[in-house]
>>> print(open('entry29.cif').read())   # mmCIF, C-alpha atoms
data_work
#
loop_
_atom_site.label_atom_id
_atom_site.label_comp_id
_atom_site.auth_asym_id
_atom_site.auth_seq_id
_atom_site.Cartn_x
_atom_site.Cartn_y
_atom_site.Cartn_z
CA MET A 5 17.37 4.20 -32.80
CA LYS A 6 16.43 5.83 -29.54
CA LYS A 7 12.78 5.98 -28.57
CA ASN A 8 11.05 9.13 -27.34
CA PHE A 9 8.91 8.78 -24.20
CA VAL A 10 6.64 11.77 -23.66
CA LEU A 11 5.59 11.84 -19.99
CA ASP A 12 2.36 13.19 -18.60
CA THR A 13 2.50 15.17 -15.34
CA ASN A 14 0.70 12.47 -13.38
CA VAL A 15 3.53 9.99 -14.02
CA LEU A 16 6.00 12.25 -12.19
CA ILE A 17 3.53 12.93 -9.39
CA HIS A 18 3.03 9.16 -9.03
CA ASN A 19 6.78 8.48 -8.96
CA PRO A 20 9.25 11.39 -8.93
CA GLN A 21 12.01 9.00 -10.01
CA ALA A 22 10.18 8.08 -13.22
CA LEU A 23 12.65 10.13 -15.31
CA LEU A 24 15.14 7.29 -14.86
CA SER A 25 12.74 4.51 -15.83
CA PHE A 26 13.30 4.47 -19.60
CA ALA A 27 16.88 3.21 -19.98
CA ASP A 28 19.07 5.16 -22.43
CA ASN A 29 16.17 6.58 -24.45
CA ASN A 30 14.91 10.16 -24.70
CA VAL A 31 12.53 11.33 -21.98
CA VAL A 32 10.53 14.27 -23.31
CA LEU A 33 8.74 16.64 -20.95
CA PRO A 34 6.38 19.13 -22.61
CA VAL A 35 6.80 22.60 -21.14
CA THR A 36 3.17 22.32 -19.97
CA VAL A 37 4.31 19.55 -17.60
CA ILE A 38 6.89 21.93 -16.11
CA GLU A 39 4.15 24.53 -15.66
CA GLU A 40 1.90 22.02 -13.91
CA LEU A 41 4.74 20.91 -11.63
CA ASP A 42 5.34 24.56 -10.80
CA HIS A 43 1.66 24.85 -9.86
CA PHE A 44 1.81 21.74 -7.65
CA LYS A 45 5.09 22.60 -5.88
CA ILE A 46 3.43 24.83 -3.27
CA SER A 47 1.03 22.09 -2.22
CA PRO A 48 1.73 20.71 1.30
CA ASP A 49 0.73 17.17 0.35
CA LYS A 50 2.56 14.43 -1.57
CA LYS A 51 1.85 16.18 -4.90
CA GLY A 52 3.87 19.15 -3.76
CA MET A 53 6.68 17.03 -2.36
CA HIS A 54 6.98 15.01 -5.59
CA ALA A 55 6.74 18.12 -7.78
CA ARG A 56 9.55 19.82 -5.86
CA GLN A 57 11.72 16.71 -6.07
CA VAL A 58 11.29 16.44 -9.85
CA LEU A 59 11.98 20.13 -10.39
CA ARG A 60 15.18 19.91 -8.32
CA GLU A 61 16.35 16.94 -10.40
CA ILE A 62 15.64 18.82 -13.63
CA ASP A 63 17.50 21.84 -12.33
CA ASP A 64 20.54 19.66 -11.56
CA LEU A 65 20.48 18.32 -15.13
CA ILE A 66 20.91 21.80 -16.58
CA LYS A 67 24.60 21.51 -15.70
CA LYS A 68 24.86 18.44 -17.95
CA GLY A 69 23.45 19.91 -21.14
CA ALA A 70 20.91 22.23 -22.70
CA LEU A 71 17.43 20.92 -21.99
CA ASP A 72 16.14 21.89 -25.45
CA LYS A 73 18.76 19.67 -27.10
CA GLY A 74 18.95 17.07 -24.35
CA ALA A 75 20.70 16.70 -21.00
CA LYS A 76 22.36 13.41 -20.11
CA MET A 77 20.91 11.58 -17.09
CA SER A 78 22.69 9.16 -14.77
CA ASN A 79 21.13 6.10 -16.44
CA GLY A 80 22.42 7.08 -19.90
CA GLY A 81 19.12 8.51 -21.04
CA THR A 82 18.48 12.06 -22.23
CA LEU A 83 16.01 14.57 -20.85
CA ILE A 84 14.45 17.02 -23.30
CA ILE A 85 12.06 19.88 -22.51
CA ALA A 86 9.87 20.47 -25.55
CA PHE A 87 7.45 23.18 -26.64
CA GLY A 88 4.39 22.31 -28.67
CA PRO A 89 4.39 22.71 -32.47
CA LYS A 90 3.65 26.11 -33.94
CA ASP A 91 0.96 24.66 -36.20
CA GLN A 92 -1.34 23.08 -33.66
CA MET A 93 -3.35 19.89 -34.03
CA PRO A 94 -6.67 20.49 -35.77
CA ASP A 95 -10.02 20.50 -33.94
CA VAL A 96 -8.41 20.49 -30.49
CA ASP A 97 -9.07 22.80 -27.56
CA PHE A 98 -5.63 24.03 -26.51
CA ALA A 99 -7.01 25.60 -23.36
CA LEU A 100 -6.70 22.08 -21.93
CA ALA A 101 -3.27 21.16 -20.56
CA ASP A 102 -3.67 17.53 -21.68
CA ASN A 103 -4.00 18.62 -25.29
CA LYS A 104 -0.90 20.82 -25.07
CA ILE A 105 1.05 17.87 -23.71
CA LEU A 106 -0.30 15.55 -26.41
CA SER A 107 0.69 18.02 -29.12
CA VAL A 108 4.38 17.38 -28.32
CA ALA A 109 3.95 13.63 -28.85
CA TRP A 110 1.93 14.30 -32.02
CA ASP A 111 4.67 16.58 -33.39
CA LEU A 112 7.35 13.92 -32.81
CA GLN A 113 5.22 11.30 -34.51
CA ARG A 114 4.59 13.33 -37.65
CA LYS A 115 8.37 13.81 -37.87
CA HIS A 116 8.56 9.99 -38.08
CA GLN A 117 10.31 9.61 -34.76
CA PRO A 118 9.45 6.60 -32.54
CA VAL A 119 7.30 8.04 -29.77
CA PHE A 120 5.35 6.68 -26.82
CA PHE A 121 2.99 8.70 -24.67
CA ILE A 122 3.17 7.61 -21.00
CA SER A 123 0.28 8.61 -18.75
CA LYS A 124 -1.72 7.30 -15.82
CA ASP A 125 -4.77 9.17 -17.12
CA ILE A 126 -6.98 6.81 -19.14
CA ASN A 127 -8.70 9.67 -20.99
CA ALA A 128 -5.37 11.15 -22.07
CA ARG A 129 -4.27 7.75 -23.36
CA ILE A 130 -7.53 7.35 -25.29
CA LYS A 131 -6.99 10.71 -27.01
CA ALA A 132 -3.41 9.77 -27.84
CA GLU A 133 -4.53 6.47 -29.37
CA ALA A 134 -7.10 8.37 -31.43
CA LEU A 135 -4.20 10.38 -32.85
CA GLY A 136 -2.36 7.17 -33.70
CA ILE A 137 0.21 7.63 -30.95
CA LYS A 138 1.39 4.55 -29.07
CA THR A 139 0.52 4.79 -25.38
CA ALA A 140 1.21 3.01 -22.11
CA ASP A 141 0.48 3.32 -18.44
CA TYR A 142 3.52 3.79 -16.20
CA GLU A 143 4.14 0.17 -15.25
CA LYS A 144 7.55 0.02 -13.57
CA GLN A 145 5.95 -0.48 -10.16
CA LYS A 146 3.08 -2.73 -11.22
CA VAL A 147 2.23 -6.23 -10.10
CA GLU A 148 -0.39 -8.72 -11.25
CA TYR A 149 -3.10 -8.44 -8.60
CA SER A 150 -5.02 -11.45 -9.92
CA SER A 151 -2.05 -13.65 -8.99
CA LEU A 152 -1.00 -11.73 -5.85
CA TYR A 153 0.85 -13.74 -3.21
CA ARG A 154 -1.76 -14.99 -0.73
CA GLY A 155 0.48 -15.49 2.29
CA TRP A 156 -0.98 -18.95 2.92
CA ARG A 157 -1.90 -22.11 1.06
CA GLU A 158 -3.51 -25.51 1.53
CA VAL A 159 -1.20 -28.52 1.22
CA SER A 160 -2.27 -32.15 0.97
CA SER A 161 -0.63 -34.28 3.64
CA THR A 162 -1.17 -37.49 5.59
CA LYS A 163 -2.46 -38.16 9.07
CA GLU A 164 0.93 -39.62 10.00
CA GLU A 165 2.75 -36.41 8.96
CA ILE A 166 0.32 -34.24 10.90
CA ASN A 167 0.79 -36.38 14.02
CA ARG A 168 4.57 -36.13 13.60
CA LEU A 169 4.26 -32.34 13.31
CA TYR A 170 2.63 -32.09 16.72
CA VAL A 171 4.92 -34.67 18.39
CA GLN A 172 8.18 -33.14 17.11
CA ASP A 173 6.85 -29.56 17.03
CA LYS A 174 8.07 -29.25 13.44
CA LEU A 175 7.80 -30.90 10.05
CA GLU A 176 10.41 -30.78 7.30
CA VAL A 177 9.17 -29.27 4.02
CA LYS A 178 9.65 -31.56 1.03
CA GLY A 179 8.41 -31.30 -2.54
CA TYR A 180 7.26 -27.68 -2.59
CA THR A 181 8.68 -24.18 -2.09
CA LEU A 182 7.40 -21.67 0.45
CA PHE A 183 8.19 -18.05 1.29
CA GLU A 184 9.34 -16.85 4.71
CA ASN A 185 6.46 -16.79 7.24
CA GLU A 186 4.03 -18.27 4.73
CA HIS A 187 1.23 -20.14 6.45
CA VAL A 188 0.19 -23.64 5.48
CA LEU A 189 -3.04 -25.48 6.19
CA LEU A 190 -2.13 -29.16 6.10
CA LYS A 191 -5.04 -31.47 5.27
CA ALA A 192 -4.73 -35.24 5.53
CA ALA A 193 -5.82 -36.94 2.30
CA ASP A 194 -6.32 -40.19 4.19
CA ASP A 195 -8.37 -38.61 7.01
CA PRO A 196 -10.55 -35.57 6.16
CA SER A 197 -10.97 -34.79 9.86
CA SER A 198 -7.22 -34.36 10.38
CA SER A 199 -5.65 -30.96 9.65
CA ALA A 200 -3.04 -28.59 11.05
CA ALA A 201 -2.29 -24.88 10.75
CA CYS A 202 1.43 -24.07 10.52
CA ARG A 203 3.91 -21.37 9.60
CA TYR A 204 7.04 -21.81 7.52
CA ASP A 205 10.44 -21.26 9.10
CA GLY A 206 12.74 -20.67 6.13
CA SER A 207 15.93 -20.74 8.18
CA ASN A 208 15.39 -24.41 9.00
CA ASN A 209 13.08 -25.35 6.11
CA VAL A 210 10.41 -26.63 8.49
CA LEU A 211 6.76 -26.02 9.29
CA ILE A 212 6.05 -24.93 12.87
CA PRO A 213 2.56 -25.62 14.30
CA MET A 214 0.60 -22.55 15.35
CA ARG A 215 -0.85 -22.31 18.83
CA LYS A 216 -4.49 -23.32 18.93
CA GLU A 217 -5.90 -20.21 20.59
CA PHE A 218 -5.44 -16.53 19.78
CA SER A 219 -7.05 -13.61 21.55
CA ALA A 220 -6.49 -9.87 21.72
CA MET A 221 -8.62 -7.47 23.77
CA GLY A 222 -11.49 -9.96 23.74
CA ILE A 223 -11.34 -10.36 19.96
CA ARG A 224 -10.77 -13.88 18.62
CA PRO A 225 -10.26 -15.13 15.07
CA LEU A 226 -13.42 -16.53 13.47
CA ASN A 227 -11.81 -18.52 10.66
CA VAL A 228 -8.46 -19.96 9.66
CA GLU A 229 -7.49 -16.88 7.58
CA GLN A 230 -7.96 -14.67 10.62
CA ARG A 231 -5.88 -17.12 12.69
CA PHE A 232 -3.04 -16.64 10.23
CA ALA A 233 -3.44 -12.86 10.55
CA PHE A 234 -3.39 -13.00 14.37
CA ASP A 235 -0.25 -15.12 14.26
CA LEU A 236 1.56 -12.43 12.25
CA LEU A 237 0.15 -9.48 14.18
CA LEU A 238 1.17 -10.85 17.58
CA ASP A 239 4.72 -11.84 16.58
CA ASP A 240 7.16 -9.07 17.52
CA ASP A 241 9.85 -10.53 15.26
CA ILE A 242 7.77 -9.71 12.17
CA LYS A 243 8.19 -5.97 11.65
CA LEU A 244 5.93 -5.43 8.62
CA VAL A 245 2.57 -7.13 8.04
CA THR A 246 0.18 -6.62 5.12
CA LEU A 247 -3.48 -7.61 5.40
CA VAL A 248 -5.42 -7.62 2.13
CA GLY A 249 -9.12 -8.39 1.96
CA GLN A 250 -12.56 -7.20 1.01
CA ALA A 251 -14.89 -5.27 3.29
CA GLY A 252 -15.91 -7.18 6.39
CA THR A 253 -12.96 -9.57 6.53
CA GLY A 254 -11.75 -7.98 9.78
CA LYS A 255 -8.48 -6.39 8.62
CA THR A 256 -8.67 -3.17 10.61
CA LEU A 257 -10.45 -4.68 13.61
CA MET A 258 -7.83 -7.41 14.07
CA ALA A 259 -4.94 -5.01 13.54
CA ILE A 260 -6.20 -2.55 16.15
CA ALA A 261 -7.12 -5.28 18.66
CA CYS A 262 -3.71 -6.95 18.42
CA ALA A 263 -1.94 -3.58 18.52
CA LEU A 264 -3.80 -2.49 21.68
CA SER A 265 -3.13 -5.85 23.29
CA LYS A 266 0.60 -5.43 22.63
CA VAL A 267 0.80 -1.77 23.63
CA MET A 268 -1.09 -2.33 26.89
CA GLU A 269 1.03 -5.25 28.06
CA LYS A 270 2.73 -4.52 31.40
CA GLU A 271 6.23 -4.72 29.98
CA SER A 272 5.42 -3.69 26.42
CA SER A 273 8.24 -2.66 24.11
CA TYR A 274 5.78 -0.43 22.23
CA GLU A 275 5.28 3.09 23.56
CA ARG A 276 1.99 3.73 21.79
CA LEU A 277 -0.34 2.75 18.96
CA LEU A 278 -0.16 5.08 15.95
CA VAL A 279 -3.05 4.77 13.47
CA ALA A 280 -2.97 6.64 10.17
CA ARG A 281 -5.04 6.79 6.99
CA PRO A 282 -4.39 8.53 3.68
CA ILE A 283 -6.55 11.54 2.93
CA ILE A 284 -8.08 10.40 -0.37
CA PRO A 285 -11.53 12.01 -0.47
CA LEU A 286 -14.34 11.25 -2.90
CA GLY A 287 -15.12 14.97 -2.95
CA LYS A 288 -13.50 17.91 -1.18
CA ASP A 289 -10.37 17.19 0.83
CA ILE A 290 -9.63 17.77 4.52
CA GLY A 291 -8.96 21.49 4.09
CA TYR A 292 -12.61 22.21 3.29
CA LEU A 293 -14.03 20.56 6.39
CA PRO A 294 -14.98 22.79 9.34
CA GLY A 295 -12.99 23.07 12.53
CA SER A 296 -9.48 22.42 13.76
CA LYS A 297 -7.13 19.71 12.54
CA GLU A 298 -8.33 17.40 15.34
CA ARG A 299 -11.98 17.90 14.42
CA LYS A 300 -11.26 17.42 10.73
CA LEU A 301 -9.44 14.18 11.44
CA THR A 302 -12.48 12.90 13.32
CA TYR A 303 -14.42 12.83 10.03
CA TRP A 304 -11.73 10.82 8.25
CA MET A 305 -10.87 8.57 11.17
CA GLN A 306 -14.42 7.64 12.17
CA PRO A 307 -13.98 4.02 10.99
CA ILE A 308 -11.01 3.78 13.36
CA TYR A 309 -13.04 5.16 16.28
CA ASP A 310 -15.87 2.72 15.47
CA ASN A 311 -13.46 -0.22 15.66
CA LEU A 312 -11.90 1.09 18.88
CA GLU A 313 -15.28 1.42 20.57
CA TYR A 314 -16.26 -2.11 19.55
CA ILE A 315 -12.96 -3.53 20.80
CA LEU A 316 -13.22 -1.74 24.15
CA LYS A 317 -16.78 -2.97 24.67
CA ARG A 318 -15.62 -6.53 23.97
CA SER A 319 -12.65 -6.18 26.32
CA ILE A 320 -14.91 -4.93 29.11
CA SER A 321 -17.55 -7.64 28.58
CA THR A 322 -14.91 -10.39 28.53
CA LYS A 323 -12.88 -8.92 31.45
CA VAL A 324 -9.61 -8.79 29.51
CA ASN A 325 -6.31 -8.49 31.41
CA GLY A 326 -7.94 -6.74 34.36
CA LEU A 327 -8.86 -3.79 32.14
CA ALA A 328 -12.60 -4.28 32.42
CA THR A 329 -13.62 -0.91 33.83
CA SER A 330 -15.93 1.78 32.59
CA ASP A 331 -12.90 4.12 32.47
CA LEU A 332 -11.56 2.16 29.50
CA THR A 333 -12.88 4.47 26.76
CA VAL A 334 -11.53 5.87 23.53
CA ASP A 335 -11.20 9.30 25.16
CA HIS A 336 -9.25 7.78 28.05
CA LEU A 337 -6.84 6.03 25.67
CA MET A 338 -6.36 9.17 23.61
CA GLY A 339 -5.88 11.32 26.69
CA SER A 340 -3.31 8.94 28.19
CA ASP A 341 -1.25 9.01 24.99
CA ILE A 342 -1.73 5.27 24.43
CA ILE A 343 -3.17 5.93 20.98
CA GLU A 344 -2.25 8.58 18.44
CA ILE A 345 -4.44 8.99 15.36
CA GLU A 346 -2.96 10.94 12.49
CA ALA A 347 -3.41 11.68 8.80
CA LEU A 348 -0.57 10.39 6.67
CA THR A 349 -0.05 13.94 5.43
CA TYR A 350 1.61 14.67 8.78
CA ILE A 351 3.72 11.47 9.02
CA ARG A 352 6.31 12.55 6.45
CA GLY A 353 9.60 13.62 7.97
CA ARG A 354 9.02 11.91 11.31
CA SER A 355 11.09 9.18 12.89
CA ILE A 356 8.88 6.61 14.61
CA PRO A 357 10.69 4.30 17.09
CA ASN A 358 9.09 1.75 19.43
CA GLN A 359 5.56 2.13 18.13
CA PHE A 360 2.92 -0.19 16.76
CA MET A 361 1.80 1.60 13.61
CA ILE A 362 -1.28 0.78 11.52
CA VAL A 363 -1.79 2.31 8.08
CA ASP A 364 -5.40 1.73 7.05
CA GLU A 365 -6.70 1.99 3.46
CA ALA A 366 -3.15 1.52 2.17
CA GLN A 367 -4.45 0.59 -1.29
CA ASN A 368 -4.78 4.32 -1.94
CA LEU A 369 -1.03 4.85 -1.59
CA THR A 370 1.54 4.75 -4.38
CA PRO A 371 4.58 2.46 -4.06
CA HIS A 372 6.71 5.54 -3.44
CA GLU A 373 4.43 6.68 -0.61
CA VAL A 374 4.54 3.26 1.06
CA LYS A 375 8.33 3.36 0.83
CA THR A 376 8.33 6.81 2.44
CA ILE A 377 6.07 5.62 5.29
CA VAL A 378 7.86 2.35 6.02
CA SER A 379 11.22 4.12 5.98
CA ARG A 380 9.95 6.25 8.91
CA ALA A 381 10.09 3.16 11.15
CA GLY A 382 12.69 3.40 13.87
CA GLU A 383 14.11 0.63 16.04
CA GLY A 384 11.40 -1.47 17.71
CA THR A 385 8.54 -0.31 15.48
CA LYS A 386 6.08 -2.68 13.82
CA ILE A 387 3.98 -1.53 10.86
CA ILE A 388 0.71 -3.00 9.60
CA LEU A 389 -0.66 -2.09 6.17
CA THR A 390 -4.32 -2.95 5.58
CA GLY A 391 -6.51 -2.43 2.55
CA ASP A 392 -8.56 -3.73 -0.34
CA PRO A 393 -7.05 -3.16 -3.81
CA GLY A 394 -10.53 -3.72 -5.21
CA GLN A 395 -11.69 -0.43 -3.65
CA ILE A 396 -9.35 2.36 -4.75
CA ASP A 397 -10.30 6.04 -4.63
CA ASN A 398 -7.01 7.40 -5.97
CA PRO A 399 -7.73 8.23 -9.65
CA TYR A 400 -4.21 7.28 -10.80
CA LEU A 401 -3.98 3.90 -9.08
CA ASP A 402 -5.53 0.53 -9.76
CA ALA A 403 -5.39 -2.99 -8.32
CA ASP A 404 -2.06 -3.64 -10.05
CA SER A 405 -0.22 -0.36 -9.38
CA ASN A 406 -1.11 0.53 -5.77
CA GLY A 407 1.54 0.53 -3.06
CA LEU A 408 -0.11 -2.18 -0.93
CA ALA A 409 -0.05 -4.85 -3.66
CA TYR A 410 3.43 -3.76 -4.75
CA THR A 411 4.76 -4.14 -1.19
CA VAL A 412 3.33 -7.66 -0.88
CA GLU A 413 5.10 -8.87 -4.03
CA ARG A 414 8.40 -7.11 -3.34
CA LEU A 415 8.86 -8.19 0.28
CA LYS A 416 7.34 -11.70 0.38
CA LYS A 417 10.75 -13.41 0.60
CA TYR A 418 11.99 -11.54 3.69
CA LYS A 419 12.00 -12.93 7.23
CA ILE A 420 10.68 -9.77 8.92
CA PHE A 421 7.66 -9.60 6.58
CA GLY A 422 4.34 -11.44 6.75
CA HIS A 423 1.19 -11.33 4.65
CA ALA A 424 -2.35 -12.69 4.86
CA LEU A 425 -5.04 -12.57 2.17
CA LEU A 426 -8.47 -12.57 3.81
CA MET A 427 -11.38 -13.72 1.69
CA LYS A 428 -14.23 -14.60 4.06
CA SER A 429 -16.39 -11.74 5.30
CA GLU A 430 -17.33 -12.02 8.98
CA ARG A 431 -19.05 -8.65 9.48
CA SER A 432 -22.60 -9.87 8.94
CA GLU A 433 -24.70 -11.98 6.61
CA LEU A 434 -25.80 -8.80 4.82
CA ALA A 435 -22.20 -7.56 4.38
CA SER A 436 -21.18 -10.97 2.98
CA LEU A 437 -24.06 -10.87 0.52
CA ALA A 438 -23.09 -7.35 -0.62
CA VAL A 439 -19.44 -8.37 -1.15
CA GLU A 440 -20.39 -11.43 -3.17
CA GLU A 441 -23.30 -10.18 -5.25
CA LEU A 442 -23.12 -6.39 -5.63
#
>>> encode(input="entry29.cif", output="structure tokens")
Amino acid sequence: MKKNFVLDTNVLIHNPQALLSFADNNVVLPVTVIEELDHFKISPDKKGMHARQVLREIDDLIKKGALDKGAKMSNGGTLIIAFGPKDQMPDVDFALADNKILSVAWDLQRKHQPVFFISKDINARIKAEALGIKTADYEKQKVEYSSLYRGWREVSSTKEEINRLYVQDKLEVKGYTLFENEHVLLKAADDPSSSAACRYDGSNNVLIPMRKEFSAMGIRPLNVEQRFAFDLLLDDDIKLVTLVGQAGTGKTLMAIACALSKVMEKESSYERLLVARPIIPLGKDIGYLPGSKERKLTYWMQPIYDNLEYILKRSISTKVNGLATSDLTVDHLMGSDIIEIEALTYIRGRSIPNQFMIVDEAQNLTPHEVKTIVSRAGEGTKIILTGDPGQIDNPYLDADSNGLAYTVERLKKYKIFGHALLMKSERSELASLAVEEL
């Protein structure tokens, strides 16, 4: 017997292809969902884009059957548009859209049909459970964050193997399986003072020793995790890098420093550094801030400017690459078109070749949004996604369903991808204490 999956609006906003996620069962959309999609379709942000996409798909399905009885979808499932029951649920405020949507699931259940209410809204799921309706979050694009791929591991070795690694400039991997570009910290069991940092070359099944020193614009790694991150960031053959870590682990700082170092090389293949962040406010969004687009972006991009100023001060104080002049300022870089800072709202639809692109706070993006952004990359572009899945402001995402974590798990086996999980805070003693204890 076919199951009935009643979808909340937020599921379709999260992933406009969710209609095809339920095999050959019935997907039921309450008419209130259609009304909410109609309301969202004029929005210039991702809600509007997703709403328009879903409505177009529904319109195409009209040719394949009446939506009240069910229209066949390409995956063998059936789409049904349903109105709420005439005799409404008792003691419920039907001025609320959530309750109108729930009434459709409730009506199917009392007709003894197998029904599941799918929503990313916890409160809506709680109300459905209170009505005895089976519920679930939309989990097609979920991963298990607690067991997320780290990008590096410690491996017990011997002093003899470590010496052979440096003599032969490689060491064959035996007895364990690694992913492409996974880093390994070899530690000699027979000599605690002997260790080696390496990266896995899957094509030849060998570990390659990392160079001992990394530096970018006067910024140097402060721990082995940051060394792994630098190794990925400075390798032009790796086109997509994800950096995951708590506040103070240096994700954004390292990404910007390495990007600037690459862009400002004399014969750089990168035309500019493009830095973007999602507009996910805790209160009012960018449209309510005063001033022009550029002034509005200053509010949202201030963390980026803070990192840029710190990096430029370090580069001047350490006399990096002959750039140590007082003219090396954020305004100078912006004015010379070396850096472009943009809200992700304005990235959609662009083609981005030969650029070093950093997407900060990527934990606030859905898997579909990350796909949209990464697919903008043209030839010669490198993209860095940074974020902390433990700090998510998007109300419909969590540590398991955000686009950053999803990307890590989906792409970990590919040669042009690299990942580093950063756990040690280096910002300050106070920042470390806050991360650990608060």
>>> residues_around(input="entry29.cif", residues="A:Ile126", least_positions_apart="6", cutoff="10 Å", atoms="only C-alpha atoms", output="VMD selection string")
chain A and resid 132 139 to 141 399 to 400
>>> residues_around(input="entry29.cif", residues="A:His372", least_positions_apart="5", cutoff="12 Å", atoms="only C-alpha atoms", output="mmCIF file with C-alpha atoms, keeping the file's coordinate frame")
data_model
loop_
_atom_site.group_PDB
_atom_site.id
_atom_site.type_symbol
_atom_site.label_atom_id
_atom_site.label_comp_id
_atom_site.auth_asym_id
_atom_site.auth_seq_id
_atom_site.Cartn_x
_atom_site.Cartn_y
_atom_site.Cartn_z
ATOM 1 C CA VAL A 15 3.530 9.990 -14.020
ATOM 2 C CA LEU A 16 6.000 12.250 -12.190
ATOM 3 C CA ILE A 17 3.530 12.930 -9.390
ATOM 4 C CA HIS A 18 3.030 9.160 -9.030
ATOM 5 C CA ASN A 19 6.780 8.480 -8.960
ATOM 6 C CA PRO A 20 9.250 11.390 -8.930
ATOM 7 C CA GLN A 21 12.010 9.000 -10.010
ATOM 8 C CA ALA A 22 10.180 8.080 -13.220
ATOM 9 C CA LYS A 50 2.560 14.430 -1.570
ATOM 10 C CA LYS A 51 1.850 16.180 -4.900
ATOM 11 C CA MET A 53 6.680 17.030 -2.360
ATOM 12 C CA HIS A 54 6.980 15.010 -5.590
ATOM 13 C CA LYS A 144 7.550 0.020 -13.570
ATOM 14 C CA GLN A 145 5.950 -0.480 -10.160
ATOM 15 C CA LYS A 146 3.080 -2.730 -11.220
ATOM 16 C CA ILE A 377 6.070 5.620 5.290
ATOM 17 C CA VAL A 378 7.860 2.350 6.020
ATOM 18 C CA SER A 379 11.220 4.120 5.980
ATOM 19 C CA SER A 405 -0.220 -0.360 -9.380
ATOM 20 C CA ASN A 406 -1.110 0.530 -5.770
ATOM 21 C CA GLY A 407 1.540 0.530 -3.060
ATOM 22 C CA LEU A 408 -0.110 -2.180 -0.930
ATOM 23 C CA TYR A 410 3.430 -3.760 -4.750
ATOM 24 C CA THR A 411 4.760 -4.140 -1.190
#
>>> resolve_selection(input="entry29.cif", expression="the PyMOL selection byres ((chain A and resi 157) around 12)", output="NGL selection string")
:A and (153-156 or 158-160 or 180-183 or 185-191 or 200-204 or 228-229 or 232 or 423-426)
>>> residues_near_point(input="entry29.cif", point="(-0.2, 3.9, 11.0)", cutoff="10 Å", atoms="all atoms listed in the file", output="list in words")
Leu277, Leu278, Val279, Ala280, Arg281, Pro282, Glu344, Ile345, Glu346, Ala347, Leu348, Ile351, Gln359, Phe360, Met361, Ile362, Val363, Asp364, Ala366, Ile377, Val378, Lys386, Ile387, Ile388, Leu389 and Thr390 of chain A
>>> closest_residue(input="entry29.cif", among="A:Ile308, A:Ala409, A:Leu264, A:Leu369", to="A:Ile283", atoms="only C-alpha atoms")
A:Leu369
>>> resolve_selection(input="entry29.cif", expression="the PyMOL selection byres ((chain A and resi 166) around 9)", output="VMD selection string")
chain A and resid 161 to 165 167 to 171 175 190 to 192 198 to 200
>>> closest_residue(input="entry29.cif", among="A:Phe98, A:Phe218, A:Phe234, A:Phe121", to="A:Lys255", atoms="all atoms listed in the file")
A:Phe234
>>> atom_distance(input="entry29.cif", atom1="atom CA of A:Ala75", atom2="atom CA of A:Val108")
17.9 Å
>>> closest_residue(input="entry29.cif", among="A:Ser219, A:Thr376, A:Ser207, A:Ser340", to="A:Leu237", atoms="only C-alpha atoms")
A:Ser219
>>> atom_distance(input="entry29.cif", atom1="atom CA of A:Gly422", atom2="atom CA of A:Leu238")
11.3 Å
